[in-house]
Amino acid sequence: MASGSTPLAPHPDRLLPSDPVQRPIARRLYAAVRDLPLISPHGHVDPELLAADRPFADPAALLVTPDHYVTRLLHAHGVALHECGLRGGPEEPAPPREVWRAFCSHWHLFLGTASRQWLESELHDVLGVAVQPSADTADALFDELTERLARPELRPRALFRSFGIEVLATTDDPADDLRHHRALAEDPSWQGRVVPTFRPDRYLDATRPDWPAALDRLAAVSGIDTGDYRGLVAALEARREFFRAHGATATDHGAPDPRMEFLPEQEASRLFAEVRAGRGDAALLSRQLLGEMARMSSEDGLVLALHTGSLRDHHPETFARYGPDTGHDIPTRAEFTESLRPMLRRFGTDPRFRTVLCTLDESVFSRELAPIAGFYPSVYLGAPWWFLDAPRAMRRFRDAVTETAGFHRTAGFIDDTRGFCSIPARHDTARRVDAGHLASLVAEHVLSEDDAARVLRDLNDRQPRTAFRL
Amino acid sequence: MASGSTPLAPHPDRLLPSDPVQRPIARRLYAAVRDLPLISPHGHVDPELLAADRPFADPAALLVTPDHYVTRLLHAHGVALHECGLRGGPEEPAPPREVWRAFCSHWHLFLGTASRQWLESELHDVLGVAVQPSADTADALFDELTERLARPELRPRALFRSFGIEVLATTDDPADDLRHHRALAEDPSWQGRVVPTFRPDRYLDATRPDWPAALDRLAAVSGIDTGDYRGLVAALEARREFFRAHGATATDHGAPDPRMEFLPEQEASRLFAEVRAGRGDAALLSRQLLGEMARMSSEDGLVLALHTGSLRDHHPETFARYGPDTGHDIPTRAEFTESLRPMLRRFGTDPRFRTVLCTLDESVFSRELAPIAGFYPSVYLGAPWWFLDAPRAMRRFRDAVTETAGFHRTAGFIDDTRGFCSIPARHDTARRVDAGHLASLVAEHVLSEDDAARVLRDLNDRQPRTAFRL
Amino acid sequence: MASGSTPLAPHPDRLLPSDPVQRPIARRLYAAVRDLPLISPHGHVDPELLAADRPFADPAALLVTPDHYVTRLLHAHGVALHECGLRGGPEEPAPPREVWRAFCSHWHLFLGTASRQWLESELHDVLGVAVQPSADTADALFDELTERLARPELRPRALFRSFGIEVLATTDDPADDLRHHRALAEDPSWQGRVVPTFRPDRYLDATRPDWPAALDRLAAVSGIDTGDYRGLVAALEARREFFRAHGATATDHGAPDPRMEFLPEQEASRLFAEVRAGRGDAALLSRQLLGEMARMSSEDGLVLALHTGSLRDHHPETFARYGPDTGHDIPTRAEFTESLRPMLRRFGTDPRFRTVLCTLDESVFSRELAPIAGFYPSVYLGAPWWFLDAPRAMRRFRDAVTETAGFHRTAGFIDDTRGFCSIPARHDTARRVDAGHLASLVAEHVLSEDDAARVLRDLNDRQPRTAFRL
């Protein structure tokens, strides 16, 4: 241990309730699910990572630069994004060791955040680190980790196995040829299940300047002319079928809000032509195309996952320099009751249709989401997402929805991460928090410990499998 | 006990905090109010139930088919509404034993819900059941309960007495002749107090297709021509007087939102004429008529209870088949600060005027409702309503409003139930939750246990009596 | 002690968690910050109070009449505002002894409110009262306190010292000559630091009928013609400079919402001329002028504090009689993500710019405020404000923002009070609540007790100093 360093030793009971009645119950509940296989029905791991199975380069490239949860908070404390290693601005990105030093010297500013929890677990449990990052320990840690990351047991495929991942869903562009998924599927030495998810935002969002180019790309890939509405719909259907053939069970959508339109085809065709001609209501067409996704889901059975309600790229200058997903997507107020009505009127009770709703706005948990999922058999509530994927927010989610919708209308945990090494820490957090929540109900005699144990197992197995048709 | 069955034995400390400092305080506080008479200032029990005093037919007819809290969650888990015993769809309603089997085999999916709590109490405390419902126990329970429901001590009037109900308010149509209330009042063998509540939604909501027919009915009942605005107002006043003469102390309103208009009479008359002629702003007229209710309350002293913020009948197909109150009323965002200003400007400090505000949107608890009730002497905060009438939501309500408005601007518990047998369970839940909340404050030395005991008694006695002028 | 009186003895552990694991941790954390100097970066104490150093007249004048937190709840319980001692209505204000009696006889109705906590501390810790106010003790308390308030150790300057206030920011009109601040600064017998804050609402809000008169006053004070846009801007800049010269480090703004405009100067000038001529969009001009404040802050370094989201003077009749700040300002829904974007696009990453965001709408804590402060280095989150400045609301604030933004993007405690004697009680409440929150995290092994102690010290020292550039 470096001189003056503080040990890093995550407590075995971390995130379990401190209440002395609840703690032992939570401990027993957690112990029974701690080692269950991980089901990851939605996330952003790059499939090439597993297909190529190259070692991670260094700790900054693994833990800092690509993680916008980490870089955004460094940025808020005055570390410029190029000092976090990001490319694109006028300044050269800092070299990895400098990035790592900046991270380590700001480590205490992460206290209390979800990222800190995950990073402590990753550093300790996955990477074998035993001291807290700090300005003093930064260099030794950098060297130690760079050396260690080259070892075979820390290469992506070995980690996939040691993490106990049973199925991992990636998020993919409809024009993607899914070569990495195919390579994995065809590799006899690889047993893991990695499935793609159909994420067509850029083809549906007619307000984007690059929408026409996206349509051209889709036409090239599908061999179907996307110059009219019917063609675009057919091309999307073809690509969904291609994804299904490669194991996809879901589509995912990041629209600003969940409103959909269901115009008659003739009207939609005219609208499409107008928008392509540079007039017409592009936002309306986008909602219409999202509605087509729901219609297709009701036919091909792909689960429609909605991740709406984020104002992307809030700071234009940062976006212009560093591109999307750089830490300044900021949530906005959500509305589901009115917005989802057209979709649910059509497909809400259709047994072929299934949807998973996620939100960044806690105020809709009890007001809208739980009542909707408490009636419509097609609706599952997604796990607390993004900023809400944190222990106390997860607890608030369970408190807000359970009394109305129970546990079995929720989708279980969704890690939604780009950070491959954070997957076990994130699932472990959810298991601990759910164990603690259930323990509080047992301690208040709302349900028996046997029932709680069954519920916790369902949340980690049956619920994500069912919600995402895995 | 059926083989393989699990005992049903609600814990005497259920819903009390598990914290070992708080638990004994909560237990003492709860014990002191556990057996207080029940004051039910607002609910939906059918007065005929008590007037006729017929035995309940079978457990499905008692606990499942008429309870949309139960049927909605069964529906969400794939049990069709006709399988819950509902009439109106193309399929015949399932026979009661089948309904009961469906309910029992889905019992575990209610874990964690408020309904499960109430049902456990009803089954155990009212109906004497000692095993958990399940597919295995369904038939035996059906037979046992059907037999038991025929006994005299389980007939409605006997239950009313054994529940310790001091006063029960029903919810009634302004055109109702209140015959059942009269029959009860005139029955020398009946001592209970059952009062009507004036619920004029269909006469105020000029956007409904059946509004003209409603006005005709009102004219027929009141003997006052409702063909012009002044007539409609006079007819409503007459019916309020009729309700007052039968013991009513309150009116109740389920408008989409609490906005009211106070147009000059001439303008209102013209608007009325336009709307009756099929043009004009029907929503504006509806808000104007709601405003008339506030004005009348300031004159006749009937308490104006507002239950706003629900989008009724979210799924049109289900509504078309099975009618209203079938589990798919979904809350929407609430706003009170601006919406109530016109009403409060006129009557907010008028000592004759009193209003009770309920919401389905937790975000207004601390933001709007507590500050409003913390200034206007006419405003009482209703209990957490509907989806929020559940232990943790009730706790959040108290946490959100008490620091701004104290305890004595709240109306105490309102059960708002259709399920007669659930009344004691619901009041008991509130008493336990409030005891727990107060115990947490005592344990944190915010108030003394003596003060907490006085507050808890007020919440179960003085507050509902005062808020509803009972 | 009067016969039948109840002792007033705030518990040394009050507001600390009752959980037996958390309590001792919280006690240790709290003990280490209990006696730290008080930094009060924003509040409404009248600087004349300290400049003149006159004794407080009587307990009603000290604790009841000027405190709209207290009078609003008395009013809600039927005590008219003139009975609280307010002037302006048709009735004469009640004499202080009567006001005090009304307050004491309603004391139990404050149970559970934040005001009750503060008042108990003030009465006991500052004023040496040992019995609870009540109808029985009112007269004796009035006499005892009136006598005691005349003592030298209860005069404002002596209290300032005994409270341990290191710096106190007042809130001042831009036209104020800051004579009291100057008098204090020039008084060799006075060592305390009392700084003004620039609060220009009435000069920016062009929708107010008295806006033209305000501009005239500003012109008179600044010697700059405010008859055109450029002149108004120059006059505001001059007054900011005057405030800076008197120690100001911040401006404060109470606009209805935080939206700003940044029109080109020519357009702004035209708009100004139109509004002055009685046409034109006065609300737009107000937002433009708020935008100028942000621009000026980015140049002169005054911290821009935003207190938005209150609908002021909700009850027109009360306002007409008694003026503003009389207990009926009611919060409205907040929105920051879209509203702040124009400001943050310009100045969000500008190191000269700093802003502190406060809200009355809890639903934006996790949804908008924490994500914004978790990216923009210029943004600090203000403490829970007004109705939310209460133990459980403060706890919800920490729970809602910490997981996204950590502790070090928050501004620490802001008392925001008019009640000079309540300052230590309010800071003490925050220290206890934050100690309790941190203790819960330590008990759940989220952070170590050493880290928690450092965080708590930062919240009471580094954070307010940094956020407000003190």
# chains A, B, ... in the order shown; residues from 1 in each chain; ligands from 1
call {"tool": "residues_around", "arguments": {"residues": "Thr113 (chain A)", "least_positions_apart": "2", "cutoff": "6 Å", "atoms": "only C-alpha atoms", "output": "MDAnalysis selection string"}}
result
(chainID A and resid 110:111 115:116) or (chainID C and resid 402:404 406)
call {"tool": "write_last_selection", "arguments": {"atoms": "N, CA and C atoms", "output": "PDB file, in the first residue's frame"}}
result
ATOM      1  N   PHE A 110     -16.464  12.108  -5.703  1.00  0.00           N
ATOM      2  CA  PHE A 110     -17.468  11.116  -6.096  1.00  0.00           C
ATOM      3  C   PHE A 110     -18.176  10.502  -4.895  1.00  0.00           C
ATOM      4  N   LEU A 111     -17.760  10.864  -3.700  1.00  0.00           N
ATOM      5  CA  LEU A 111     -18.395  10.290  -2.499  1.00  0.00           C
ATOM      6  C   LEU A 111     -19.910  10.446  -2.558  1.00  0.00           C
ATOM      7  N   SER A 115     -21.689   6.201  -9.143  1.00  0.00           N
ATOM      8  CA  SER A 115     -20.447   5.851  -9.844  1.00  0.00           C
ATOM      9  C   SER A 115     -19.376   5.402  -8.860  1.00  0.00           C
ATOM     10  N   ARG A 116     -19.287   6.089  -7.752  1.00  0.00           N
ATOM     11  CA  ARG A 116     -18.294   5.711  -6.735  1.00  0.00           C
ATOM     12  C   ARG A 116     -18.513   4.266  -6.280  1.00  0.00           C
TER      13      ARG A 116
ATOM     14  N   THR C 402     -27.634  13.532  -4.229  1.00  0.00           N
ATOM     15  CA  THR C 402     -26.262  13.086  -3.946  1.00  0.00           C
ATOM     16  C   THR C 402     -25.799  11.992  -4.893  1.00  0.00           C
ATOM     17  N   GLU C 403     -26.670  11.057  -5.205  1.00  0.00           N
ATOM     18  CA  GLU C 403     -26.223   9.932  -6.031  1.00  0.00           C
ATOM     19  C   GLU C 403     -25.813  10.382  -7.437  1.00  0.00           C
ATOM     20  N   THR C 404     -26.344  11.512  -7.890  1.00  0.00           N
ATOM     21  CA  THR C 404     -25.985  12.039  -9.207  1.00  0.00           C
ATOM     22  C   THR C 404     -24.882  13.090  -9.129  1.00  0.00           C
ATOM     23  N   GLY C 406     -23.161  14.157  -6.121  1.00  0.00           N
ATOM     24  CA  GLY C 406     -22.288  14.162  -4.950  1.00  0.00           C
ATOM     25  C   GLY C 406     -22.660  15.281  -3.992  1.00  0.00           C
TER      26      GLY C 406
END
call {"tool": "closest_atom_pairs", "arguments": {"of": "chain B", "to": "chain A", "cutoff": "7 Å", "atoms": "only C-alpha atoms", "output": "CSV"}}
result
residue,atom,partner,partner_atom,distance
B:His11,CA,A:His445,CA,6.2
B:Arg14,CA,A:His445,CA,4.8
B:Leu15,CA,A:Glu444,CA,5.0
B:Leu16,CA,A:Glu444,CA,5.9
B:Pro17,CA,A:Glu444,CA,6.1
B:Ser18,CA,A:Ala443,CA,5.6
B:Asp19,CA,A:Asp19,CA,6.1
B:Arg72,CA,A:Phe375,CA,4.9
B:Leu73,CA,A:Gly374,CA,5.3
B:His75,CA,A:Phe375,CA,6.0
B:Ala76,CA,A:Pro377,CA,4.0
B:His77,CA,A:Pro377,CA,5.7
B:Gly78,CA,A:Pro377,CA,5.9
B:Leu109,CA,A:His408,CA,6.3
B:Phe110,CA,A:Gly406,CA,5.8
B:Leu111,CA,A:Gly406,CA,6.0
B:Gly112,CA,A:Gly406,CA,5.5
B:Thr113,CA,A:Glu403,CA,3.8
B:Ala114,CA,A:Glu403,CA,5.2
B:His314,CA,A:Arg341,CA,6.9
B:His315,CA,A:Arg345,CA,5.6
B:Pro316,CA,A:Arg345,CA,6.7
B:Gly327,CA,A:Phe375,CA,6.5
B:His328,CA,A:Phe375,CA,6.1
B:Ile330,CA,A:Pro371,CA,6.0
B:Pro331,CA,A:Arg367,CA,5.7
B:Thr332,CA,A:Thr337,CA,6.3
B:Leu360,CA,A:Arg367,CA,6.3
B:Asp361,CA,A:Arg367,CA,5.5
B:Ser363,CA,A:Ser363,CA,6.2
B:Phe387,CA,A:Thr404,CA,5.9
B:Ala390,CA,A:Glu403,CA,6.4
B:Arg392,CA,A:Asp399,CA,6.6
call {"tool": "write_last_selection", "arguments": {"atoms": "N, CA, C and O atoms", "output": "short mmCIF file (atom, residue, chain, number, x, y, z; two decimals), in the first residue's frame"}}
result
data_model
loop_
_atom_site.label_atom_id
_atom_site.label_comp_id
_atom_site.auth_asym_id
_atom_site.auth_seq_id
_atom_site.Cartn_x
_atom_site.Cartn_y
_atom_site.Cartn_z
N HIS B 11 -49.68 -10.30 11.33
CA HIS B 11 -48.90 -10.06 12.54
C HIS B 11 -49.50 -8.88 13.32
O HIS B 11 -49.88 -7.88 12.72
N ARG B 14 -47.96 -5.56 12.40
CA ARG B 14 -47.76 -5.27 10.98
C ARG B 14 -47.89 -3.77 10.68
O ARG B 14 -48.68 -3.07 11.31
N LEU B 15 -47.05 -3.32 9.78
CA LEU B 15 -46.99 -1.93 9.31
C LEU B 15 -46.42 -0.97 10.34
O LEU B 15 -46.33 0.23 10.07
N LEU B 16 -46.05 -1.47 11.50
CA LEU B 16 -45.33 -0.60 12.44
C LEU B 16 -43.84 -0.62 12.10
O LEU B 16 -43.35 -1.61 11.57
N PRO B 17 -43.13 0.45 12.38
CA PRO B 17 -41.71 0.50 12.00
C PRO B 17 -40.92 -0.62 12.65
O PRO B 17 -41.21 -0.99 13.80
N SER B 18 -39.93 -1.13 11.94
CA SER B 18 -39.11 -2.20 12.52
C SER B 18 -38.03 -1.66 13.44
O SER B 18 -37.53 -2.39 14.29
N ASP B 19 -37.68 -0.41 13.29
CA ASP B 19 -36.66 0.21 14.14
C ASP B 19 -36.99 -0.08 15.61
O ASP B 19 -38.10 0.21 16.08
N ARG B 72 -58.14 -5.20 -11.75
CA ARG B 72 -57.15 -4.59 -12.66
C ARG B 72 -55.82 -5.35 -12.62
O ARG B 72 -55.18 -5.55 -13.65
N LEU B 73 -55.42 -5.81 -11.43
CA LEU B 73 -54.13 -6.49 -11.36
C LEU B 73 -54.24 -7.92 -11.90
O LEU B 73 -53.30 -8.43 -12.53
N HIS B 75 -56.19 -8.62 -14.34
CA HIS B 75 -56.19 -8.33 -15.78
C HIS B 75 -54.76 -8.12 -16.28
O HIS B 75 -54.37 -8.62 -17.35
N ALA B 76 -53.96 -7.37 -15.52
CA ALA B 76 -52.58 -7.12 -15.92
C ALA B 76 -51.78 -8.42 -16.01
O ALA B 76 -50.80 -8.52 -16.75
N HIS B 77 -52.22 -9.43 -15.26
CA HIS B 77 -51.53 -10.71 -15.32
C HIS B 77 -52.25 -11.70 -16.23
O HIS B 77 -52.07 -12.91 -16.11
N GLY B 78 -53.09 -11.16 -17.12
CA GLY B 78 -53.62 -12.01 -18.17
C GLY B 78 -54.96 -12.65 -17.89
O GLY B 78 -55.43 -13.46 -18.70
N LEU B 109 -49.21 -12.74 -6.73
CA LEU B 109 -48.86 -11.57 -7.54
C LEU B 109 -49.32 -10.27 -6.89
O LEU B 109 -48.97 -9.19 -7.34
N PHE B 110 -50.11 -10.39 -5.84
CA PHE B 110 -50.53 -9.20 -5.09
C PHE B 110 -49.53 -8.85 -3.97
O PHE B 110 -49.71 -7.84 -3.29
N LEU B 111 -48.51 -9.67 -3.81
CA LEU B 111 -47.52 -9.38 -2.75
C LEU B 111 -47.01 -7.95 -2.85
O LEU B 111 -46.61 -7.51 -3.92
N GLY B 112 -47.01 -7.26 -1.72
CA GLY B 112 -46.50 -5.89 -1.71
C GLY B 112 -47.53 -4.83 -2.02
O GLY B 112 -47.26 -3.65 -1.83
N THR B 113 -48.70 -5.23 -2.50
CA THR B 113 -49.72 -4.23 -2.83
C THR B 113 -50.59 -3.91 -1.63
O THR B 113 -50.72 -4.71 -0.70
N ALA B 114 -51.22 -2.74 -1.71
CA ALA B 114 -52.15 -2.36 -0.65
C ALA B 114 -53.34 -3.33 -0.61
O ALA B 114 -53.83 -3.69 0.47
N HIS B 314 -59.30 4.79 -19.52
CA HIS B 314 -58.15 4.96 -20.40
C HIS B 314 -58.21 4.03 -21.60
O HIS B 314 -57.77 4.40 -22.69
N HIS B 315 -58.76 2.84 -21.43
CA HIS B 315 -58.79 1.86 -22.52
C HIS B 315 -60.21 1.79 -23.09
O HIS B 315 -61.09 1.14 -22.52
N PRO B 316 -60.43 2.43 -24.24
CA PRO B 316 -61.80 2.56 -24.75
C PRO B 316 -62.51 1.22 -24.96
O PRO B 316 -63.71 1.13 -24.70
N GLY B 327 -60.89 -0.37 -13.66
CA GLY B 327 -59.46 -0.55 -13.39
C GLY B 327 -58.51 0.19 -14.29
O GLY B 327 -57.30 0.03 -14.14
N HIS B 328 -59.01 0.99 -15.22
CA HIS B 328 -58.09 1.69 -16.11
C HIS B 328 -58.30 3.20 -16.10
O HIS B 328 -58.12 3.87 -17.11
N ILE B 330 -56.44 6.32 -15.10
CA ILE B 330 -55.00 6.55 -14.88
C ILE B 330 -54.78 8.02 -14.52
O ILE B 330 -55.29 8.91 -15.19
N PRO B 331 -54.04 8.27 -13.45
CA PRO B 331 -53.81 9.66 -13.02
C PRO B 331 -53.03 10.49 -14.05
O PRO B 331 -52.26 9.94 -14.85
N THR B 332 -53.24 11.77 -13.95
CA THR B 332 -52.48 12.73 -14.76
C THR B 332 -51.85 13.76 -13.83
O THR B 332 -52.17 13.83 -12.65
N LEU B 360 -53.93 12.57 -6.89
CA LEU B 360 -53.24 11.33 -7.25
C LEU B 360 -51.80 11.60 -7.64
O LEU B 360 -51.10 10.69 -8.10
N ASP B 361 -51.37 12.84 -7.48
CA ASP B 361 -50.05 13.26 -7.92
C ASP B 361 -49.24 13.71 -6.71
O ASP B 361 -49.43 14.80 -6.18
N SER B 363 -46.39 14.81 -6.40
CA SER B 363 -45.49 15.95 -6.51
C SER B 363 -46.13 17.25 -6.04
O SER B 363 -45.43 18.22 -5.79
N PHE B 387 -54.64 5.12 -5.58
CA PHE B 387 -53.36 4.42 -5.66
C PHE B 387 -52.43 4.82 -4.52
O PHE B 387 -51.49 4.09 -4.21
N ALA B 390 -52.07 3.71 0.56
CA ALA B 390 -51.24 2.52 0.79
C ALA B 390 -50.15 2.93 1.76
O ALA B 390 -49.79 4.11 1.83
N ARG B 392 -46.85 2.98 2.37
CA ARG B 392 -45.68 3.84 2.16
C ARG B 392 -46.07 5.17 1.50
O ARG B 392 -45.44 6.20 1.75
#
call {"tool": "select_by_dssp", "arguments": {"residues": "region 223-468 of chain C", "states": "helix (DSSP H, G or I)", "output": "NGL selection string"}}
result
:C and (229-245 or 265-276 or 282-300 or 316-322 or 341-347 or 363-373 or 386-388 or 391-405 or 420-443 or 449-459 or 462-467)
call {"tool": "residues_around", "arguments": {"residues": "region 264-272 of chain A", "least_positions_apart": "6", "cutoff": "12 Å", "atoms": "only C-alpha atoms", "output": "number ranges by chain"}}
result
A: 204-207, 211-212, 215, 226-233, 278-289, 291-292
call {"tool": "select_by_dssp", "arguments": {"residues": "region 222-280 of chain B", "states": "strand (DSSP E)", "output": "number ranges by chain"}}
result
B: 250-253
call {"tool": "closest_residue", "arguments": {"among": "A:Gln191, A:Thr359, A:Thr466, A:Ser298", "to": "Ala255 (chain A)", "atoms": "only C-alpha atoms"}}
result
A:Thr359
call {"tool": "atom_distance", "arguments": {"atom1": "CA of Leu290 (chain C)", "atom2": "CA of Asp201 (chain C)"}}
result
8.9 Å
call {"tool": "residues_around", "arguments": {"residues": "Asp252 (chain C)", "least_positions_apart": "2", "cutoff": "8 Å", "atoms": "only C-alpha atoms", "output": "list of chain:residue names"}}
result
C:Thr171, C:Thr197, C:Phe198, C:Arg199, C:Pro200, C:Ala250, C:Gly254, C:Leu304, C:Ala305, C:Leu306, C:His307
call {"tool": "residues_around", "arguments": {"residues": "Gly85 (chain C)", "least_positions_apart": "5", "cutoff": "9 Å", "atoms": "only C-alpha atoms", "output": "PyMOL selection string"}}
result
chain C and resi 60-61+64-66+92-96+98-99
call {"tool": "atom_distance", "arguments": {"atom1": "CA of Asp450 (chain C)", "atom2": "CA of Leu29 (chain C)"}}
result
9.2 Å
call {"tool": "atom_distance", "arguments": {"atom1": "CA of Pro258 (chain A)", "atom2": "CA of Leu168 (chain A)"}}
result
25.4 Å
call {"tool": "residues_around", "arguments": {"residues": "Leu184 (chain A)", "least_positions_apart": "2", "cutoff": "8 Å", "atoms": "only C-alpha atoms", "output": "ChimeraX atom specification"}}
result
/A:50-51,180-182,186-187,190,194
call {"tool": "residues_around", "arguments": {"residues": "Val195 (chain C)", "least_positions_apart": "5", "cutoff": "6 Å", "atoms": "only C-alpha atoms", "output": "ChimeraX atom specification"}}
result
/C:169,247-248
call {"tool": "write_last_selection", "arguments": {"atoms": "N, CA and C atoms", "output": "PDB file, in the first residue's frame"}}
result
ATOM      1  N   ALA C 169     -25.019  37.644   4.951  1.00  0.00           N
ATOM      2  CA  ALA C 169     -25.408  38.409   3.762  1.00  0.00           C
ATOM      3  C   ALA C 169     -26.855  38.859   3.924  1.00  0.00           C
ATOM      4  N   GLY C 247     -18.928  45.117  -0.456  1.00  0.00           N
ATOM      5  CA  GLY C 247     -18.720  43.746   0.009  1.00  0.00           C
ATOM      6  C   GLY C 247     -19.620  42.697  -0.591  1.00  0.00           C
ATOM      7  N   ALA C 248     -20.552  43.111  -1.447  1.00  0.00           N
ATOM      8  CA  ALA C 248     -21.461  42.120  -2.030  1.00  0.00           C
ATOM      9  C   ALA C 248     -20.683  41.098  -2.845  1.00  0.00           C
TER      10      ALA C 248
END
call {"tool": "decode", "arguments": {"residues": "region 38-43 of chain C", "atoms": "all heavy atoms", "output": "compact mmCIF listing (two decimals), in the first residue's frame"}}
result
# COMPACT_ATOMS: atom_id res chain seq x y z
N LEU C 38 -20.97 30.18 11.82
CA LEU C 38 -22.09 30.17 10.88
C LEU C 38 -21.77 31.05 9.68
O LEU C 38 -21.41 32.22 9.85
CB LEU C 38 -23.36 30.67 11.56
CG LEU C 38 -23.79 29.96 12.85
CD1 LEU C 38 -25.14 30.50 13.31
CD2 LEU C 38 -23.85 28.47 12.66
N ILE C 39 -21.93 30.47 8.52
CA ILE C 39 -21.79 31.24 7.29
C ILE C 39 -23.19 31.36 6.70
O ILE C 39 -23.83 30.37 6.38
CB ILE C 39 -20.84 30.52 6.31
CG1 ILE C 39 -19.44 30.48 6.93
CG2 ILE C 39 -20.84 31.20 4.95
CD1 ILE C 39 -18.47 29.59 6.19
N SER C 40 -23.66 32.60 6.59
CA SER C 40 -25.03 32.82 6.13
C SER C 40 -24.98 33.58 4.81
O SER C 40 -25.03 34.80 4.78
CB SER C 40 -25.81 33.61 7.18
OG SER C 40 -27.11 33.87 6.71
N PRO C 41 -24.94 32.84 3.69
CA PRO C 41 -24.67 33.50 2.41
C PRO C 41 -25.89 34.16 1.79
O PRO C 41 -25.75 34.88 0.81
CB PRO C 41 -24.18 32.35 1.54
CG PRO C 41 -24.89 31.16 2.09
CD PRO C 41 -25.06 31.39 3.56
N HIS C 42 -27.08 33.88 2.34
CA HIS C 42 -28.28 34.51 1.79
C HIS C 42 -29.36 34.53 2.85
O HIS C 42 -29.65 33.51 3.48
CB HIS C 42 -28.80 33.76 0.56
CG HIS C 42 -30.12 34.27 0.09
ND1 HIS C 42 -30.26 35.51 -0.51
CD2 HIS C 42 -31.37 33.75 0.15
CE1 HIS C 42 -31.54 35.71 -0.78
NE2 HIS C 42 -32.23 34.66 -0.40
N GLY C 43 -29.95 35.72 3.06
CA GLY C 43 -31.02 35.83 4.05
C GLY C 43 -31.63 37.22 4.00
O GLY C 43 -31.29 38.04 3.13
